[in-house]
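Text of protein.csv (CSV, C-alpha atoms) as supplied:
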```csv
chain,number,residue,atom,x,y,z
H,1,MET,CA,0.0,0.0,0.0
H,2,LYS,CA,1.2,3.5,-0.8
H,3,ARG,CA,0.6,6.1,1.9
H,4,LEU,CA,-0.8,8.6,-0.7
H,5,ASP,CA,-3.4,6.0,-1.8
H,6,ALA,CA,-4.2,5.3,1.9
H,7,LEU,CA,-4.7,9.1,2.6
H,8,ASN,CA,-6.8,9.4,-0.5
H,9,ALA,CA,-9.0,6.5,0.6
H,10,VAL,CA,-9.7,8.0,4.1
H,11,TYR,CA,-9.7,11.7,3.1
H,12,PRO,CA,-13.5,11.9,3.5
H,13,ARG,CA,-13.1,10.7,7.2
H,14,LEU,CA,-10.4,13.4,7.8
H,15,GLN,CA,-12.2,16.3,6.3
H,16,ASP,CA,-14.3,17.2,9.3
H,17,ARG,CA,-12.1,16.0,12.0
H,18,ILE,CA,-9.1,17.6,13.8
H,19,VAL,CA,-6.0,16.2,12.1
H,20,VAL,CA,-2.4,16.5,13.4
H,21,THR,CA,0.3,15.1,11.2
H,22,ILE,CA,4.1,14.8,11.4
H,23,MET,CA,6.5,16.4,9.1
H,24,GLY,CA,7.8,15.2,5.7
H,25,ALA,CA,5.9,13.0,3.3
H,26,VAL,CA,2.7,12.7,5.3
H,27,ALA,CA,2.3,16.5,5.5
H,28,ALA,CA,3.1,17.1,1.9
H,29,GLU,CA,0.9,14.3,0.6
H,30,LEU,CA,-2.1,15.3,2.7
H,31,GLN,CA,-1.7,18.9,1.5
H,32,SER,CA,-1.5,17.6,-2.1
H,33,ILE,CA,-4.9,16.0,-1.7
H,34,GLY,CA,-6.4,19.1,-0.1
H,35,HIS,CA,-5.5,21.3,2.9
H,36,LYS,CA,-8.2,22.2,5.4
H,37,PRO,CA,-8.1,24.7,8.3
H,38,ASN,CA,-8.7,21.8,10.7
H,39,PHE,CA,-5.4,20.1,9.6
H,40,PHE,CA,-2.2,20.9,11.5
H,41,TYR,CA,1.2,19.8,10.2
H,42,LEU,CA,4.0,19.6,12.9
H,43,GLN,CA,6.9,20.2,10.6
H,44,HIS,CA,9.6,19.3,13.2
H,45,ALA,CA,9.8,18.2,16.8
H,46,MET,CA,9.7,14.5,15.8
H,47,GLY,CA,7.6,12.5,18.2
H,48,LEU,CA,5.4,15.3,19.5
H,49,ALA,CA,2.5,15.0,17.1
H,50,SER,CA,0.8,12.4,19.3
H,51,SER,CA,1.5,14.6,22.4
H,52,MET,CA,-0.2,17.5,20.6
H,53,GLY,CA,-3.1,15.3,19.7
H,54,LEU,CA,-3.4,14.3,23.3
H,55,GLY,CA,-3.4,18.0,24.4
H,56,ILE,CA,-6.1,18.8,21.9
H,57,ALA,CA,-8.2,15.7,22.7
H,58,LEU,CA,-8.1,16.4,26.5
H,59,SER,CA,-8.8,20.1,25.9
H,60,ARG,CA,-11.7,19.5,23.5
H,61,PRO,CA,-13.4,16.2,24.4
H,62,ASP,CA,-16.3,17.3,22.1
H,63,ARG,CA,-14.0,17.0,19.0
H,64,GLU,CA,-12.6,13.9,17.3
H,65,VAL,CA,-8.8,14.0,16.8
H,66,ILE,CA,-6.8,11.9,14.3
H,67,VAL,CA,-3.0,11.9,14.6
H,68,LEU,CA,-1.2,10.9,11.4
H,69,ASP,CA,2.2,9.7,12.7
H,70,GLY,CA,5.2,7.7,11.3
H,71,ASP,CA,7.4,4.9,12.6
H,72,GLY,CA,10.5,7.2,12.9
H,73,SER,CA,8.6,9.7,14.9
H,74,VAL,CA,6.8,7.2,17.2
H,75,LEU,CA,10.2,5.6,17.9
H,76,MET,CA,11.4,9.0,19.2
H,77,ASN,CA,8.6,9.2,21.7
H,78,LEU,CA,7.7,5.6,22.8
H,79,GLY,CA,7.1,7.0,26.3
H,80,GLY,CA,4.3,9.0,24.8
H,81,LEU,CA,2.4,5.8,24.1
H,82,THR,CA,2.3,5.1,27.8
H,83,THR,CA,1.0,8.6,28.5
H,84,LEU,CA,-1.7,8.2,25.8
H,85,ALA,CA,-2.7,4.9,27.2
H,86,ARG,CA,-2.8,6.3,30.8
H,87,TYR,CA,-5.3,9.1,29.9
H,88,ARG,CA,-7.0,7.1,27.2
H,89,PRO,CA,-8.8,9.9,25.3
H,90,LYS,CA,-11.9,8.4,23.8
H,91,ASN,CA,-11.7,10.9,21.0
H,92,LEU,CA,-8.3,10.2,19.6
H,93,VAL,CA,-7.2,7.8,16.8
H,94,HIS,CA,-3.5,7.4,16.4
H,95,VAL,CA,-2.5,6.3,12.9
H,96,VAL,CA,1.1,5.3,12.3
H,97,PHE,CA,2.3,5.0,8.7
H,98,ASP,CA,5.1,2.5,9.0
H,99,ASN,CA,7.4,2.5,6.0
H,100,GLU,CA,10.2,1.0,8.1
H,101,SER,CA,12.5,3.9,7.2
H,102,LEU,CA,13.4,7.6,7.8
H,103,LEU,CA,12.3,8.4,4.2
H,104,SER,CA,12.7,12.2,4.2
H,105,VAL,CA,16.3,12.1,5.3
H,106,GLY,CA,17.4,9.4,2.9
H,107,GLY,CA,15.6,6.2,3.6
H,108,PHE,CA,17.6,4.9,6.5
H,109,PRO,CA,15.9,1.8,7.9
H,110,THR,CA,14.2,2.1,11.3
H,111,ALA,CA,13.9,-0.6,13.9
H,112,THR,CA,10.5,-1.7,12.5
H,113,SER,CA,12.5,-3.0,9.5
H,114,THR,CA,14.2,-5.5,11.9
H,115,GLY,CA,11.1,-6.6,13.6
H,116,SER,CA,10.1,-4.0,16.2
H,117,ASP,CA,6.3,-4.0,16.3
H,118,ILE,CA,4.7,-0.6,17.1
H,119,ALA,CA,1.2,-2.0,17.5
H,120,GLY,CA,2.6,-4.6,19.9
H,121,ILE,CA,4.5,-1.9,21.8
H,122,ALA,CA,1.3,0.2,22.0
H,123,ALA,CA,-0.8,-2.7,23.2
H,124,ALA,CA,1.8,-3.5,25.9
H,125,ALA,CA,1.8,0.2,26.8
H,126,GLY,CA,-1.9,-0.1,27.5
H,127,VAL,CA,-3.5,1.3,24.3
H,128,PRO,CA,-6.9,-0.5,24.4
H,129,ARG,CA,-7.3,-1.0,20.6
H,130,THR,CA,-4.4,-1.7,18.3
H,131,ILE,CA,-4.2,-3.2,14.8
H,132,THR,CA,-1.7,-3.5,12.0
H,133,VAL,CA,-3.0,-3.3,8.4
H,134,ARG,CA,-1.4,-3.8,5.0
H,135,THR,CA,-4.1,-2.9,2.4
H,136,ILE,CA,-6.3,0.1,1.6
H,137,GLU,CA,-9.4,-1.9,2.3
H,138,THR,CA,-8.3,-3.1,5.8
H,139,PHE,CA,-6.9,0.4,6.6
H,140,THR,CA,-10.2,2.1,5.7
H,141,ARG,CA,-12.2,-0.4,7.7
H,142,ALA,CA,-9.8,-0.1,10.7
H,143,LEU,CA,-10.2,3.6,10.7
H,144,ASP,CA,-14.0,3.4,10.5
H,145,GLU,CA,-14.0,0.9,13.3
H,146,ALA,CA,-11.7,3.0,15.4
H,147,ILE,CA,-13.9,6.1,15.0
H,148,ALA,CA,-17.1,4.1,15.7
H,149,ALA,CA,-15.5,2.5,18.8
H,150,ARG,CA,-15.1,5.9,20.5
H,151,ASP,CA,-12.0,4.7,22.4
H,152,LEU,CA,-8.3,5.3,22.0
H,153,SER,CA,-7.1,3.4,19.0
H,154,LEU,CA,-3.8,2.9,17.3
H,155,ILE,CA,-3.6,1.7,13.7
H,156,VAL,CA,-0.2,0.8,12.2
H,157,ALA,CA,-0.6,1.1,8.4
H,158,LYS,CA,2.4,-0.7,6.7
H,159,VAL,CA,3.2,1.4,3.6
H,160,GLU,CA,5.8,1.5,0.9
H,161,ALA,CA,8.9,3.7,1.5
H,162,VAL,CA,7.9,6.1,-1.3
H,163,GLY,CA,6.9,9.7,-1.0
H,164,PRO,CA,6.6,13.0,-2.9
H,165,SER,CA,9.5,14.6,-4.8
H,166,ALA,CA,9.5,17.6,-2.5
H,167,PHE,CA,8.5,18.2,1.1
H,168,VAL,CA,8.3,22.0,1.3
H,169,THR,CA,4.8,23.3,0.4
H,170,ASP,CA,3.5,26.8,-0.1
H,171,LEU,CA,1.6,26.7,3.2
H,172,GLY,CA,3.6,28.7,5.7
H,173,LEU,CA,4.1,27.1,9.1
H,174,LEU,CA,2.7,30.0,11.0
H,175,GLU,CA,-0.1,30.5,8.5
H,176,ASN,CA,-1.1,26.9,9.2
H,177,ARG,CA,-0.7,27.4,13.0
H,178,PHE,CA,-2.9,30.5,13.3
H,179,GLN,CA,-5.5,29.2,10.9
H,180,PHE,CA,-5.7,26.0,12.9
H,181,GLN,CA,-6.0,27.8,16.2
H,182,ARG,CA,-8.7,30.1,14.8
H,183,TYR,CA,-10.6,27.0,13.6
H,184,LEU,CA,-10.3,25.2,17.0
H,185,ALA,CA,-10.7,28.1,19.4
H,186,PRO,CA,-12.4,31.0,17.6
D,187,MET,CA,15.8,15.2,53.8
D,188,SER,CA,14.3,18.7,54.4
D,189,PRO,CA,10.6,18.9,53.9
D,190,VAL,CA,9.1,20.5,50.8
D,191,SER,CA,7.0,23.5,51.7
D,192,THR,CA,3.3,22.7,51.5
D,193,ALA,CA,2.5,26.4,52.1
D,194,SER,CA,4.6,27.6,49.2
D,195,SER,CA,3.2,24.9,47.0
D,196,ARG,CA,-0.3,26.1,47.8
D,197,VAL,CA,0.7,29.7,47.0
D,198,ILE,CA,2.0,28.6,43.6
D,199,TYR,CA,-1.0,26.4,42.9
D,200,ASP,CA,-3.4,29.2,43.8
D,201,ALA,CA,-1.5,31.6,41.5
D,202,LEU,CA,-1.8,29.2,38.6
D,203,LYS,CA,-5.5,28.8,39.2
D,204,ALA,CA,-5.9,32.6,39.3
D,205,CYS,CA,-4.3,32.7,35.9
D,206,GLY,CA,-6.9,30.4,34.5
D,207,ILE,CA,-4.7,27.3,34.1
D,208,ARG,CA,-6.9,24.3,33.4
D,209,LEU,CA,-4.3,21.8,32.3
D,210,MET,CA,-1.0,20.9,33.9
D,211,SER,CA,1.6,18.5,32.7
D,212,ALA,CA,4.1,17.2,35.2
D,213,LEU,CA,6.9,14.8,35.8
D,214,PRO,CA,7.2,14.1,39.5
D,215,GLU,CA,10.2,15.4,41.3
D,216,THR,CA,10.7,15.9,45.1
D,217,TRP,CA,10.1,19.6,45.1
D,218,LEU,CA,6.9,19.3,43.0
D,219,VAL,CA,5.1,16.5,44.9
D,220,HIS,CA,2.7,18.8,46.7
D,221,LEU,CA,1.9,20.8,43.6
D,222,ILE,CA,1.2,17.7,41.7
D,223,ARG,CA,-1.1,16.4,44.5
D,224,LEU,CA,-3.0,19.7,44.5
D,225,ALA,CA,-3.6,19.3,40.8
D,226,GLU,CA,-4.7,15.7,41.2
D,227,GLU,CA,-7.2,16.6,43.9
D,228,ASP,CA,-8.7,19.5,41.9
D,229,PRO,CA,-11.6,18.4,39.8
D,230,GLU,CA,-11.2,21.5,37.6
D,231,MET,CA,-7.7,20.7,36.6
D,232,ILE,CA,-6.6,18.2,33.9
D,233,LEU,CA,-3.3,16.7,35.2
D,234,VAL,CA,-1.2,14.9,32.7
D,235,ARG,CA,1.6,12.8,34.2
D,236,LEU,CA,4.4,12.4,31.7
D,237,ALA,CA,6.9,9.8,30.9
D,238,LYS,CA,9.4,12.5,29.7
D,239,GLU,CA,9.1,16.2,30.0
D,240,GLU,CA,9.4,16.9,26.3
D,241,GLU,CA,5.9,15.4,25.8
D,242,GLY,CA,4.6,18.3,27.9
D,243,VAL,CA,5.6,20.8,25.2
D,244,GLY,CA,3.4,19.0,22.7
D,245,ILE,CA,0.6,18.7,25.1
D,246,SER,CA,0.7,22.4,26.0
D,247,ALA,CA,0.9,23.3,22.3
D,248,GLY,CA,-2.2,21.2,21.6
D,249,ALA,CA,-4.0,22.7,24.6
D,250,HIS,CA,-3.1,26.3,23.5
D,251,LEU,CA,-4.3,25.8,20.0
D,252,ALA,CA,-7.5,24.3,21.4
D,253,GLY,CA,-8.1,27.4,23.6
D,254,VAL,CA,-7.0,25.9,27.0
D,255,LYS,CA,-4.5,27.6,29.3
D,256,SER,CA,-1.8,25.2,30.5
D,257,ALA,CA,1.3,25.1,32.6
D,258,MET,CA,4.3,22.7,32.7
D,259,LEU,CA,5.9,21.5,35.9
D,260,MET,CA,9.4,20.1,35.6
D,261,GLN,CA,12.8,19.9,37.1
D,262,ASN,CA,15.6,21.8,35.5
D,263,HIS,CA,16.9,18.5,34.1
D,264,GLY,CA,13.4,18.1,32.5
D,265,LEU,CA,14.1,21.4,30.8
D,266,LEU,CA,17.3,20.0,29.4
D,267,ALA,CA,15.3,16.9,28.2
D,268,SER,CA,12.8,19.2,26.5
D,269,ILE,CA,15.0,21.4,24.4
D,270,ASN,CA,14.2,20.1,21.0
D,271,GLY,CA,10.5,20.3,21.7
D,272,ILE,CA,10.8,23.8,22.9
D,273,VAL,CA,12.8,24.9,19.8
D,274,SER,CA,11.2,22.8,17.1
D,275,CYS,CA,7.6,23.0,18.4
D,276,ALA,CA,7.0,25.9,20.7
D,277,GLN,CA,9.4,28.4,19.2
D,278,LEU,CA,9.1,27.4,15.6
D,279,TYR,CA,5.3,27.6,15.9
D,280,ARG,CA,5.1,30.6,18.3
D,281,ILE,CA,3.4,28.7,21.1
D,282,PRO,CA,3.3,30.3,24.5
D,283,LEU,CA,4.5,28.0,27.3
D,284,LEU,CA,4.3,28.7,31.0
D,285,MET,CA,7.2,26.6,32.4
D,286,LEU,CA,7.6,26.1,36.2
D,287,VAL,CA,11.1,24.7,36.6
D,288,SER,CA,12.4,23.5,40.0
D,289,TYR,CA,15.9,24.9,40.2
D,290,ARG,CA,18.0,22.0,41.6
D,291,GLY,CA,21.7,22.0,42.0
D,292,GLU,CA,22.0,25.6,43.3
D,293,PHE,CA,23.8,26.7,46.5
D,294,GLY,CA,22.6,24.5,49.3
D,295,GLU,CA,22.1,21.4,47.1
D,296,ARG,CA,22.9,18.2,49.0
D,297,ASP,CA,22.2,15.7,46.2
D,298,PRO,CA,25.4,15.2,44.2
D,299,TRP,CA,23.5,14.0,41.1
D,300,GLN,CA,21.6,17.4,40.9
D,301,THR,CA,24.7,19.6,40.9
D,302,GLU,CA,25.7,19.5,37.2
D,303,GLY,CA,22.3,20.7,35.9
D,304,GLY,CA,22.1,23.6,38.3
D,305,GLY,CA,25.2,25.2,36.8
D,306,VAL,CA,23.9,25.3,33.2
D,307,THR,CA,20.2,26.1,33.8
D,308,GLU,CA,20.3,29.8,33.4
D,309,ASP,CA,22.7,29.8,30.5
D,310,ILE,CA,20.5,27.3,28.7
D,311,LEU,CA,17.5,29.6,29.2
D,312,ARG,CA,19.5,32.5,27.9
D,313,ALA,CA,20.8,30.6,24.9
D,314,LEU,CA,17.2,29.7,24.1
D,315,ARG,CA,16.2,33.3,24.6
D,316,ILE,CA,13.5,32.2,27.1
D,317,PRO,CA,12.8,35.0,29.6
D,318,PHE,CA,12.8,33.8,33.1
D,319,VAL,CA,12.4,35.0,36.7
D,320,MET,CA,13.1,33.5,40.1
D,321,LEU,CA,10.4,32.4,42.5
D,322,GLU,CA,12.2,32.8,45.8
D,323,GLN,CA,9.6,33.9,48.4
D,324,PRO,CA,5.8,33.5,48.7
D,325,ASP,CA,4.9,37.2,48.6
D,326,HIS,CA,6.0,37.7,44.9
D,327,VAL,CA,4.8,34.4,43.6
D,328,ALA,CA,1.3,35.4,42.3
D,329,GLN,CA,2.5,38.5,40.6
D,330,ARG,CA,5.5,36.9,38.9
D,331,ILE,CA,3.5,33.9,37.6
D,332,ALA,CA,0.8,36.3,36.3
D,333,ASP,CA,3.4,38.4,34.6
D,334,ALA,CA,5.1,35.4,33.1
D,335,GLN,CA,1.8,34.2,31.6
D,336,THR,CA,1.0,37.7,30.3
D,337,LEU,CA,4.4,37.9,28.5
D,338,ALA,CA,4.1,34.3,27.2
D,339,LEU,CA,0.7,35.0,25.7
D,340,ALA,CA,1.6,38.4,24.4
D,341,SER,CA,4.8,37.2,22.7
D,342,ASN,CA,3.5,33.7,21.7
D,343,LYS,CA,6.7,32.3,23.2
D,344,PRO,CA,7.8,30.3,26.3
D,345,ALA,CA,8.4,32.0,29.6
D,346,ALA,CA,10.0,30.3,32.6
D,347,LEU,CA,9.8,30.6,36.4
D,348,LEU,CA,12.6,29.1,38.3
D,349,LEU,CA,11.5,27.6,41.7
D,350,ARG,CA,14.2,28.2,44.2
D,351,ARG,CA,15.2,26.3,47.3
D,352,SER,CA,14.3,29.2,49.5
D,353,LEU,CA,10.7,29.0,48.4
D,354,MET,CA,10.3,25.2,48.0
D,355,VAL,CA,12.2,23.7,50.9
D,356,GLU,CA,11.8,24.3,54.7
D,357,GLU,CA,15.2,24.1,56.1
```
File written out as structure tokens:
Amino acid sequence: MKRLDALNAVYPRLQDRIVVTIMGAVAAELQSIGHKPNFFYLQHAMGLASSMGLGIALSRPDREVIVLDGDGSVLMNLGGLTTLARYRPKNLVHVVFDNESLLSVGGFPTATSTGSDIAGIAAAAGVPRTITVRTIETFTRALDEAIAARDLSLIVAKVEAVGPSAFVTDLGLLENRFQFQRYLAP
Amino acid sequence: MSPVSTASSRVIYDALKACGIRLMSALPETWLVHLIRLAEEDPEMILVRLAKEEEGVGISAGAHLAGVKSAMLMQNHGLLASINGIVSCAQLYRIPLLMLVSYRGEFGERDPWQTEGGGVTEDILRALRIPFVMLEQPDHVAQRIADAQTLALASNKPAALLLRRSLMVEE
């Protein structure tokens, strides 16, 4: 499965929800499909997208939050999985696109390429719903089930290590930040 | 071990409440135990106990963008552990942070393992261009916390309060 195809498949589910992504390919690809004021792209601070998602989910329990993370970022903040599990926000779905590499800096293999299992780590950390998927159909179904479950869920989507040709987009970081804040807290 | 001041902890907590703080992230450390307990016992406060202090930067960033005022409780070694988050999340995206940092390793420190971090704390804050002020005695706590929050919100940048031994420990 290609991440871009996966994003295209679930885009209708993302449109009206609060979405926080990591930097690099995920951010560029989601913007190529269509930016929305309710999408925030954390273009650095690897590992903290899920922490931002937790902060938003706890602050706004009335809104559904989807975090679009990556294996490299999650591996930088494994402790954050224990914090997520501890507070178990019912309104947060944590998607991890796992391409087993640090694609945007040259494709260096991460530890998921040698067997580390992020869904297994999350389950052991106490995340109540975890699943690993490898096809567009199972990914879309897993996201629908996670949203319907109204409980903290982590979905590892195994994707090919391919991405866009460029990562810089014409959406300014601060433009995105203030637009997102205005949307969330007018 | 000298007791941590419950009275000063209460003064700090009341000052944070007066500033409208509704979410607090914390990683336990000796000087902060009463503050964390006060947050835990307060039904109006969302307390997030962290695995590592840097998570608190992301949580406060999310809370801020969602319209909730937050504060971070950490030891100065937690500040050291949070630097990339501060630079690459809070400063890059102009996020105000209200950081309460226990200032271990200063004059009077008895724990050998705290002594290295004390010597670099203020220089690190200066290098990061984070404005900071000391909390040393109860009578200026409320004003200084309120002023730090005002500056953080006006500048959309972090501001730090260093919690000193004279305030936190009853010797």
Could you give me the axis-aligned bounding box of region 42-55 of chain H, with 8 Å of padding per side, as centre plus edge lengths in Å to one decimal, as JSON?
```
{"center_x": 3.2, "center_y": 16.3, "center_z": 17.5, "size_x": 29.2, "size_y": 23.8, "size_z": 29.8}
```
Find the nearest atom pair between each residue of chain D and chain H for residues within 9 Å, count only C-alpha atoms, give distances in Å to one decimal, sort rows by chain and ascending number, and present the table as a Markdown table.
```
| residue | atom | partner | partner_atom | distance |
| --- | --- | --- | --- | --- |
| D:Arg208 | CA | H:Ser59 | CA | 8.8 |
| D:Leu209 | CA | H:Ser59 | CA | 8.0 |
| D:Ile232 | CA | H:Leu58 | CA | 7.8 |
| D:Val234 | CA | H:Tyr87 | CA | 7.6 |
| D:Arg235 | CA | H:Thr83 | CA | 7.1 |
| D:Leu236 | CA | H:Thr83 | CA | 6.0 |
| D:Ala237 | CA | H:Gly79 | CA | 5.4 |
| D:Lys238 | CA | H:Gly79 | CA | 6.9 |
| D:Glu240 | CA | H:Leu48 | CA | 8.0 |
| D:Glu241 | CA | H:Ser51 | CA | 5.6 |
| D:Gly242 | CA | H:Ser51 | CA | 7.3 |
| D:Val243 | CA | H:Leu48 | CA | 7.9 |
| D:Gly244 | CA | H:Met52 | CA | 4.4 |
| D:Ile245 | CA | H:Gly55 | CA | 4.1 |
| D:Ser246 | CA | H:Gly55 | CA | 6.2 |
| D:Ala247 | CA | H:Met52 | CA | 6.1 |
| D:Gly248 | CA | H:Met52 | CA | 4.3 |
| D:Ala249 | CA | H:Gly55 | CA | 4.7 |
| D:His250 | CA | H:Gln181 | CA | 8.0 |
| D:Leu251 | CA | H:Gln181 | CA | 4.6 |
| D:Ala252 | CA | H:Leu184 | CA | 5.3 |
| D:Gly253 | CA | H:Ala185 | CA | 5.0 |
| D:Val254 | CA | H:Ser59 | CA | 6.2 |
| D:Asn270 | CA | H:Ala45 | CA | 6.4 |
| D:Gly271 | CA | H:Ala45 | CA | 5.4 |
| D:Ile272 | CA | H:Ala45 | CA | 8.3 |
| D:Val273 | CA | H:Ala45 | CA | 7.9 |
| D:Ser274 | CA | H:Ala45 | CA | 4.8 |
| D:Cys275 | CA | H:Ala45 | CA | 5.5 |
| D:Leu278 | CA | H:Leu173 | CA | 8.2 |
| D:Tyr279 | CA | H:Leu174 | CA | 6.0 |
| D:Arg280 | CA | H:Leu174 | CA | 7.7 |
```
- prompt: What does the distance between CA of Glu356 (chain D) and CA of Asp200 (chain D) come to in Å, to one decimal place?
  reply: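 Here the two named atoms are 19.3 Å from each other.
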- prompt: Excluding same-chain residues fewer than 3 positions from region 108-125 of chain H, what lies within 9 Å of it counting all atoms listed in the file, as an MDAnalysis selection string?
  reply: chainID H and resid 71:72 74:75 78:79 81:86 96 98:103 105 128:132 154:156
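Going from CA of Phe40 (chain H) over to CA of Pro317 (chain D), you cover 27.4 Å.
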task: Between H:Ala146, H:Val162, H:Leu68, H:Ala157, single out the one closest to Val19 (chain H), counting all atoms listed in the file.
output: H:Leu68
task: List every protein, DNA or RNA residue that has an atom no more than 10 Å from (-8.0, 9.0, 3.9) in the file's coordinate frame, counting all atoms listed in the file, and report them as a list in words.
output: Arg3, Leu4, Asp5, Ala6, Leu7, Asn8, Ala9, Val10, Tyr11, Pro12, Arg13, Leu14, Gln15, Leu30, Ile33, Ile136, Phe139, Thr140 and Leu143 of chain H
- prompt: Which one of H:Ala28, H:Lys158, H:Leu92, H:Ile22 sits closest to Tyr41 (chain H) if you count all atoms listed in the file?
  reply: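 Closest residue, counting all atoms listed in the file: H:Ile22.
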field: Which of D:Glu239, D:Met320, D:Asn262, D:Ala204 sits closest to Thr301 (chain D) [using only C-alpha atoms]
entry: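 Among the listed residues, D:Asn262 lies closest to Thr301 (chain D).
Summary of the local environment: counting only C-alpha atoms, residues at most 6 Å from Gly291 (chain D), other than itself and those fewer than 2 positions away along its chain, are D:Glu295, D:Gln300, D:Thr301, D:Gly304.
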- prompt: Neighbours of Lys343 (chain D) within 6 Å (only C-alpha atoms; same-chain residues fewer than 2 positions away dropped), as a PyMOL selection string?
  reply: chain D and resi 280-282+338+341
Glu357 (chain D) surroundings by all atoms listed in the file, 10 Å radius, close-in-sequence under 2 positions cut, as JSON, numbers by chain: {"D": [187, 188, 189, 190, 191, 351, 352, 354, 355]}
- prompt: Leaving out Gly163 (chain H) and any residue of its chain fewer than 2 positions from it, which residues lie within 9 Å of it when counting all atoms listed in the file, given as an MDAnalysis selection string?
  reply: chainID H and resid 2:4 24:26 28:29 103:104 160:161 165:167
- prompt: To one decimal place, how far is CA of Pro344 (chain D) from CA of Ile207 (chain D) in Å?
  reply: 15.0 Å
task: Can you work out which one of H:Arg141, H:Arg134, H:Arg17, H:Arg150 has the shortest atom-to-atom distance to Val65 (chain H), counting all atoms listed in the file?
output: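 That would be H:Arg17, the residue with the smallest distance to Val65 (chain H).
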